[in-house]
Structures are given as C-alpha cells and as structure tokens.
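Below is one structure, written out as structure tokens, with a few remarks after it.
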There are 2 protein chains.
Amino acid sequence: MGEAQDFEQRLKEVADRVTVALDQLIPPAGGPEADLMRAMRHAALANGKRMRPFFLLETGAMFDAPEKTLLRAAAALECVHCYSLVHDDLPCMDDDDFRRGQPTVHKAFDEATAVLAGDALLTLAFKILASSETHDDASVRALLIERLADASGARGMVGGQMIDMLESDSPRDLNTITRMQRLKTGALISYATEAAAIIGRAREAERNALAGFSNDLGLAYQIADDLLDATGDEDAVGKPLRTDDAAGKANFVTLLGIDGARERVSILAAQAKEHLAIFREKAHILLQSVDFVLDRTH
Amino acid sequence: MGEAQDFEQRLKEVADRVTVALDQLIPPAGGPEADLMRAMRHAALANGKRMRPFFLLETGAMFDAPEKTLLRAAAALECVHCYSLVHDDLPCMDDDDFRRGQPTVHKAFDEATAVLAGDALLTLAFKILASSETHDDASVRALLIERLADASGARGMVGGQMIDMLESDSPRDLNTITRMQRLKTGALISYATEAAAIIGRAREAERNALAGFSNDLGLAYQIADDLLDATGDEDAVGKPLRTDDAAGKANFVTLLGIDGARERVSILAAQAKEHLAIFREKAHILLQSVDFVLDRTH
C-alpha cells in the first residue's frame, strides 16, 4: 500500500472508533421521547470524516496522552460539530435537505425534533467532558469545557454562523469572510489541537506551535471547502454544491478565483507544516494529514 | 410591611442581582454579529421572576455557601432556562409571539438569530460554570456542569420538551403529563436546590430532603402554572393564556378540573414543606416561598 492508502486507512480507523464511542455515549432510544435519541443518532452516527476528532487524537498521540481521555474529548467535540450542522441545516438557516449523503435531521424527522436534537447533542458534549470517566483531574475537565465553550459560543462558532446568516446584500470582503470562517469553522479545528495539548500537558512552546498550525490549517480547510463547492462532484460529496453561488454569497473562490484560492491553500499548507517543526518526526501523521485534508474530492 | 411584602421585596432583590450578573456575563454587542448578543440580552435580561435562581440562592444561604459561586451558578441556570424559552417559542415549536411582556426573540429579530441566541446562551451556561472564577475547587465546577447537563439534556428538560411536542392526538393521561413535566420543568427546579447543596457541601440527609422538596415543589409549580393558564389575566401574565385548550392539549387542569388541581397543589405544597423540617428555622425563606410561588397571579 502507498502512503496515501495507509493514511486513508488510518483516518477510517479513527472515524470508526469515534463513531463507536458516540454510539455508546448517546442515550439509547426509549420512552415517548424516543425520536429525540433517534434524531441525535441520525445526526451523530452518520458517515462523517471525523476530521476534528482525527486532529485531536493524532495530536494527543504525539504527547502520549491517555487514550480514553482523548477519545471522550474527541466524541464531545464531534457532538458540538454535529449539533451545529443540524441547526445550520434548518429551513430558517441554510435550508439544506441532504447531509453526509442522507436527509438532514429536519427532513428525516421534523423541525422541532431537529432543534431539540441539536440542543441535546450540545448538552451531551459538556456532560461527556464533565464526567470523572474522562479524566481523574477535574481541573483538566473544567479547562476542556471552558475552552470548548469559548470555541463554540457567541464569540466562536455560533458567532461565525451569525455573521454567515447576515443578509447576502451586505457586501462581504476577504477580511469579513476570513474572520467569519475563523470563528465558524476555525475555532473548533483549533480546539481539536488545543484539547489534545491540554490533555497531553504540552509545554507553552508546543501549545503555541499547535495554535499556529491549526489556525493555518483551519483557514486552508475552509478555502479547500469552497474550492470543492466550486469544482466538486455532487454525488461524491453527498450534498448539493454551488449553493453560495446560487445565493449570491461571496466566498474565498468567488473573491480569489479558483487559481488564487488554490495558491492560498498551498501557502497556508506550507505555513501549517512549518509550525510542526518543533515536534520533529513525531509530527509525521499531522504533516501527512495537511496534504490529505486539503486535496479533497469529497 | 407584612410578610408577603417582605417576601416579594426579597424576591425582587434576588431577581435584580441575577439580572446584573447576567448583564456582566453575556458578551457585549459588537462586530457584524452584534445582533446575536442583542438577542441573547433580549432573552436573558427581560423582566423574569428568576424563580430557579431564587431557589438556588436561598437554598445556598442555608449552608452559608459562598455568595459568588451561588450567584454564578444561578446565572448559569437562568441561561439554560432562557435558552429553552427562546427555542420553545420558535414557530416550529410552540409558536409564541410574546414572552415576559415583550416580543419573543424570533419576533424581535428573526428565526435564525433565535436559534443561534439559544445555542449561545446554553453554551455560555457551561462556560460560566467551568470558569475558575466560579469556585476554587474544579471538582465542584465539574459536578455542577455534569448535573446541569443531566437536568437539561435528552433525559431531562429537552426530553420533556420532546414529549410535549408529540402530536396532540396521541392521548395524554396523568402519568404521561406528570413524567413530561418532571423532565421539562421539574429537572431544572430540582437542579436549583441540588446545585446549592453541591456548593454548600450538604450532608446526604440534607441532599435527600432537598431532592424531595424540589420534586414536590416542581410538580406543584407546574400545576399552578396550568391553573394560571386556565384562570389568569393575560395582561398580568404578559403572554397569551388558554393555549393548551386552544391546541386541544391535555394538562393538569383539563385532567383534574380546577378544584382537583387546586387540591393537588395544596397536598404537594404541604409535602414539600415537610421535607424541610430537617433544616428547622433556617428553612424560613424556603417555607415562605412555597406558598408564594404556588399562589400565583402572574
């Protein structure tokens, strides 16, 4: 097998471990409210790439951090990511019918169930982190929770989504879009490496290196996503593409052009890798992941 | 001043302290996402009775628990309560236009902003509790978070709301409604006294007494709410009444009748007070609060 296949295999193994963990952590369907749990499972157990958990787990591995803590933190992070997708897909938000190759939660169930399933997934994320099963040291758990709330709240992911919701007739320039994406998707990607650094008790220089890495990676990831939206195949991606174009919304590709966006991804990828120099050969997997993540076809 | 005026004064003072705390804890409006913070403030700073914070603070006072911890826990609890109101009021849920005498968040702003403001308030609740400013001991913070997630998640408040959303043509009997209300409103009311017991390092017998007290009180409160819905004055209450009747939904009053519901409230109130005997004269305020809370006109 070549390096790319090895890597893809590893990505799939990590994704499966996260899915198994989520399956165990989400309450089983039962009682008259069973559709709530079914909707949570529909949202969280679908075939996702689990990129955020992957970065958390692989970063944590560099520090020989405890596996169980990393896996529970990764599951909590994925709960937050999945809840945000459920709410973002709602008719009053992006109004999307398909996600990960299946109907969105409000299509498979109804809108009220989608709102509540998102709420319950967000709540579950904090419950997972707060549990003494996650880590013996409560100060580690509290810090993981505080930073996740920062990354996903009004001044993180939700704030970014709010900016994305603003009327499309308000002009969006590169600065606005960069800030929006840093909040909307960058904050949670940064949390992946930050959580691993907290669990792995990383030194300050290492934490700073990871912050720089994830910052560049997160932005590159979003530009790659816009490139995929502009040039990708709908069947492979599993959701409708060219939606920004249809809505008249500016994104990195409409502002930079396809070639300009590709160049920007290359520069950010090189920068991201440079940040990892401090970890030497231990960063092998993370270095590989940069190219893989940014050269996406789905 | 009579006892009732004294008590009303105290309730108002507590409500004001909670509102001031929330005002400081919710991020100020700024940036292109400013409407998100405005919507959070609209939801959380409106003129609420702050019953849950009141029970948390007054229970904590019995244990001489640290004021700052109690106030931050009360603010977090109120964030969760307010987020649930914002989401419950959405068109796909109860579709309410007025709340606390003002337009609901999706009416004052729009639906997307209401979804996001609710999400951000929920996230903020956990951020508040996780912060080292709340308590020196991280294990206290982690326990407060874990129990709040339990009380408000799929097997607590959100699960109860899910049951409430089920088609009104599925028959609702007293057992179903009692379980629904125990989850939907009872769990957070119980959290109020439980959080105070955690912060105040209550003994097991005291914790059990408080669990019994809040369980009876929560159910009585909901029956009193249904009585208010059936017999109250819309102007005094600040929102439309008789909505269950209009939707053909069974509630405690439609099932027990007005006299039967009043009798049930009396029995539960007496039971709730008996649980407090263990605290002797220290329970003075909580004892008073039972009558006051259940004899509502608004």
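Residue names in the structure tokens use chain letters A, B, ... in the order shown, residue numbers from 1 in each chain, and ligand numbers from 1 in the order shown.
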List the spatial neighbours of region 171-187 of chain A as a PyMOL selection string - criterion: any atom at most 10 Å away, only C-alpha atoms, same-chain residues fewer than 2 positions off excluded. (chain A and resi 81+84+147-148+150-164+166-169+189-192+214-223+249-252+255-256) or (chain B and resi 32-33)
Export of the given selection (C-alpha atoms) as a PDB file, in the first residue's frame:
```
ATOM      1  CA  HIS A  81     -19.791  19.805  15.323  1.00  0.00           C
ATOM      2  CA  SER A  84     -24.024  22.835  14.621  1.00  0.00           C
ATOM      3  CA  ARG A 147     -12.210  26.198  26.093  1.00  0.00           C
ATOM      4  CA  LEU A 148     -14.885  24.237  24.192  1.00  0.00           C
ATOM      5  CA  ASP A 150     -15.206  29.577  24.097  1.00  0.00           C
ATOM      6  CA  ALA A 151     -14.594  27.906  20.736  1.00  0.00           C
ATOM      7  CA  SER A 152     -18.246  27.148  20.080  1.00  0.00           C
ATOM      8  CA  GLY A 153     -20.127  30.053  21.678  1.00  0.00           C
ATOM      9  CA  ALA A 154     -21.116  33.609  20.747  1.00  0.00           C
ATOM     10  CA  ARG A 155     -17.510  34.592  20.207  1.00  0.00           C
ATOM     11  CA  GLY A 156     -16.633  31.372  18.393  1.00  0.00           C
ATOM     12  CA  MET A 157     -18.604  29.044  16.116  1.00  0.00           C
ATOM     13  CA  VAL A 158     -22.072  30.446  16.821  1.00  0.00           C
ATOM     14  CA  GLY A 159     -20.807  33.993  16.287  1.00  0.00           C
ATOM     15  CA  GLY A 160     -19.338  32.914  12.942  1.00  0.00           C
ATOM     16  CA  GLN A 161     -22.597  31.305  11.902  1.00  0.00           C
ATOM     17  CA  MET A 162     -24.402  34.530  12.848  1.00  0.00           C
ATOM     18  CA  ILE A 163     -22.122  36.504  10.503  1.00  0.00           C
ATOM     19  CA  ASP A 164     -22.743  33.923   7.774  1.00  0.00           C
ATOM     20  CA  LEU A 166     -26.356  38.189   7.592  1.00  0.00           C
ATOM     21  CA  GLU A 167     -28.168  39.434   4.523  1.00  0.00           C
ATOM     22  CA  SER A 168     -26.262  38.493   1.396  1.00  0.00           C
ATOM     23  CA  ASP A 169     -26.747  42.042   0.095  1.00  0.00           C
ATOM     24  CA  ILE A 189     -10.480  22.947  14.450  1.00  0.00           C
ATOM     25  CA  SER A 190      -8.166  24.880  16.752  1.00  0.00           C
ATOM     26  CA  TYR A 191      -9.960  23.365  19.718  1.00  0.00           C
ATOM     27  CA  ALA A 192      -9.047  19.897  18.433  1.00  0.00           C
ATOM     28  CA  SER A 214      -4.432  24.746  13.494  1.00  0.00           C
ATOM     29  CA  ASN A 215      -5.045  28.376  12.628  1.00  0.00           C
ATOM     30  CA  ASP A 216      -3.433  27.973   9.190  1.00  0.00           C
ATOM     31  CA  LEU A 217      -4.938  24.547   8.690  1.00  0.00           C
ATOM     32  CA  GLY A 218      -8.445  25.730   9.558  1.00  0.00           C
ATOM     33  CA  LEU A 219      -8.329  28.572   7.083  1.00  0.00           C
ATOM     34  CA  ALA A 220      -6.830  26.362   4.370  1.00  0.00           C
ATOM     35  CA  TYR A 221      -9.522  23.767   5.068  1.00  0.00           C
ATOM     36  CA  GLN A 222     -12.269  26.317   4.514  1.00  0.00           C
ATOM     37  CA  ILE A 223     -10.746  27.577   1.265  1.00  0.00           C
ATOM     38  CA  LYS A 249     -22.889  34.866  -1.438  1.00  0.00           C
ATOM     39  CA  ALA A 250     -19.218  35.731  -1.749  1.00  0.00           C
ATOM     40  CA  ASN A 251     -16.743  33.072  -0.625  1.00  0.00           C
ATOM     41  CA  PHE A 252     -12.989  32.550  -0.985  1.00  0.00           C
ATOM     42  CA  LEU A 255     -13.241  36.543  -4.291  1.00  0.00           C
ATOM     43  CA  LEU A 256      -9.864  34.955  -5.149  1.00  0.00           C
TER      44      LEU A 256
ATOM     45  CA  PRO B  32     -21.059  42.217  12.461  1.00  0.00           C
ATOM     46  CA  GLU B  33     -22.553  39.527  14.740  1.00  0.00           C
TER      47      GLU B  33
END
```
Report the closest atom pair, with its distance in Å rounded to one decimal, for each residue of chain B that has an atom no farther than 7 Å from chain A; count only C-alpha atoms, sort by chain and then rising residue number, and write it as a Markdown table.
```
| residue | atom | partner | partner_atom | distance |
| --- | --- | --- | --- | --- |
| B:Pro32 | CA | A:Ile163 | CA | 6.1 |
| B:Glu33 | CA | A:Ile163 | CA | 5.2 |
| B:Leu36 | CA | A:Met162 | CA | 6.7 |
| B:Cys92 | CA | A:Ala112 | CA | 5.3 |
| B:Met93 | CA | A:Ala112 | CA | 5.5 |
| B:Glu111 | CA | A:Cys92 | CA | 6.0 |
| B:Ala112 | CA | A:Cys92 | CA | 5.4 |
| B:Leu116 | CA | A:Val158 | CA | 6.3 |
| B:Ala120 | CA | A:Gly153 | CA | 5.1 |
| B:Thr123 | CA | A:Ala149 | CA | 5.6 |
| B:Leu124 | CA | A:Ala149 | CA | 6.7 |
| B:Phe126 | CA | A:Ala149 | CA | 6.8 |
| B:Lys127 | CA | A:Glu146 | CA | 5.0 |
| B:Ala130 | CA | A:Ala142 | CA | 5.1 |
| B:Ser131 | CA | A:Glu146 | CA | 6.4 |
| B:Ala138 | CA | A:Ser139 | CA | 5.0 |
| B:Ser139 | CA | A:Ala138 | CA | 5.0 |
| B:Arg141 | CA | A:Ala142 | CA | 6.9 |
| B:Ala142 | CA | A:Ala130 | CA | 5.1 |
| B:Leu143 | CA | A:Ala130 | CA | 7.0 |
| B:Ile145 | CA | A:Ala130 | CA | 6.2 |
| B:Glu146 | CA | A:Lys127 | CA | 5.0 |
| B:Ala149 | CA | A:Lys127 | CA | 5.3 |
| B:Gly153 | CA | A:Ala120 | CA | 5.1 |
| B:Ala154 | CA | A:Ala120 | CA | 5.3 |
| B:Val158 | CA | A:Leu116 | CA | 6.3 |
| B:Gly159 | CA | A:Glu33 | CA | 6.0 |
| B:Met162 | CA | A:Glu33 | CA | 5.7 |
| B:Ile163 | CA | A:Glu33 | CA | 5.2 |
```
Between B:Ala29, B:Thr254, B:Ala272, B:Leu241, which one has atoms that come closest to Phe98 (chain B), using only C-alpha atoms? B:Leu241
Please provide as a list in words all residues within 12 Å of Phe279 (chain A), with the sequence filter that same-chain residues fewer than 2 positions apart are discarded (counting only C-alpha atoms). Thr59, Ala61, Met62, Phe63, Ala202, Arg203, Ala205, Glu206, Arg207, Asn208, Ala209, Leu210, Phe213, Lys273, Glu274, His275, Leu276, Ala277, Glu281, Lys282, Ala283, His284, Ile285, Leu286 and Leu287 of chain A
List as number ranges by chain the protein and nucleic acid residues near Ala108 (chain B), meaning an atom at most 9 Å away when only C-alpha atoms are counted, but skip any in the same chain fewer than 6 places from it. B: 39, 42, 102
Output N, CA and C atoms of each residue in that selection to a file, as a tab-separated table (two decimals), in the first residue's frame.
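Dumped everything to result_10.tsv:
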```tsv
chain	number	residue	atom	x	y	z
B	39	ALA	N	-29.75	39.67	20.87
B	39	ALA	CA	-30.83	38.68	21.04
B	39	ALA	C	-30.64	37.90	22.35
B	42	HIS	N	-31.82	40.29	24.97
B	42	HIS	CA	-33.28	40.39	24.91
B	42	HIS	C	-33.91	39.22	25.67
B	102	GLN	N	-42.94	41.02	26.28
B	102	GLN	CA	-42.26	41.61	25.11
B	102	GLN	C	-42.27	40.59	23.98
```
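Scanning region 51-197 of chain A with DSSP on the backbone, the strand (DSSP E) assignments fall on Phe98, Arg99, Gln102 and Pro103 of chain A.
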Those same residues - C-alpha atoms - I'd like them written as an mmCIF file, in the first residue's frame.
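And here is the file that came out, out.cif:
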```cif
data_model
loop_
_atom_site.group_PDB
_atom_site.id
_atom_site.type_symbol
_atom_site.label_atom_id
_atom_site.label_comp_id
_atom_site.auth_asym_id
_atom_site.auth_seq_id
_atom_site.Cartn_x
_atom_site.Cartn_y
_atom_site.Cartn_z
ATOM 1 C CA PHE A 98 -29.087 16.483 2.426
ATOM 2 C CA ARG A 99 -26.013 15.992 4.558
ATOM 3 C CA GLN A 102 -28.673 11.244 3.827
ATOM 4 C CA PRO A 103 -31.655 13.506 4.580
#
```
When DSSP is applied to the backbone of this structure, which of region 35-252 of chain A are assigned alpha helix (DSSP H)? Write them out as a PyMOL selection string. chain A and resi 35-44+51-62+67-88+105-108+111-130+138-152+157-165+174-181+187-199+204-231+234-237+243-247+252
Please determine, counting only C-alpha atoms, which residue among B:Gly257, B:Gly30, B:Gly200, B:Gly2 has the shortest atom-to-atom distance to Glu58 (chain B). B:Gly200
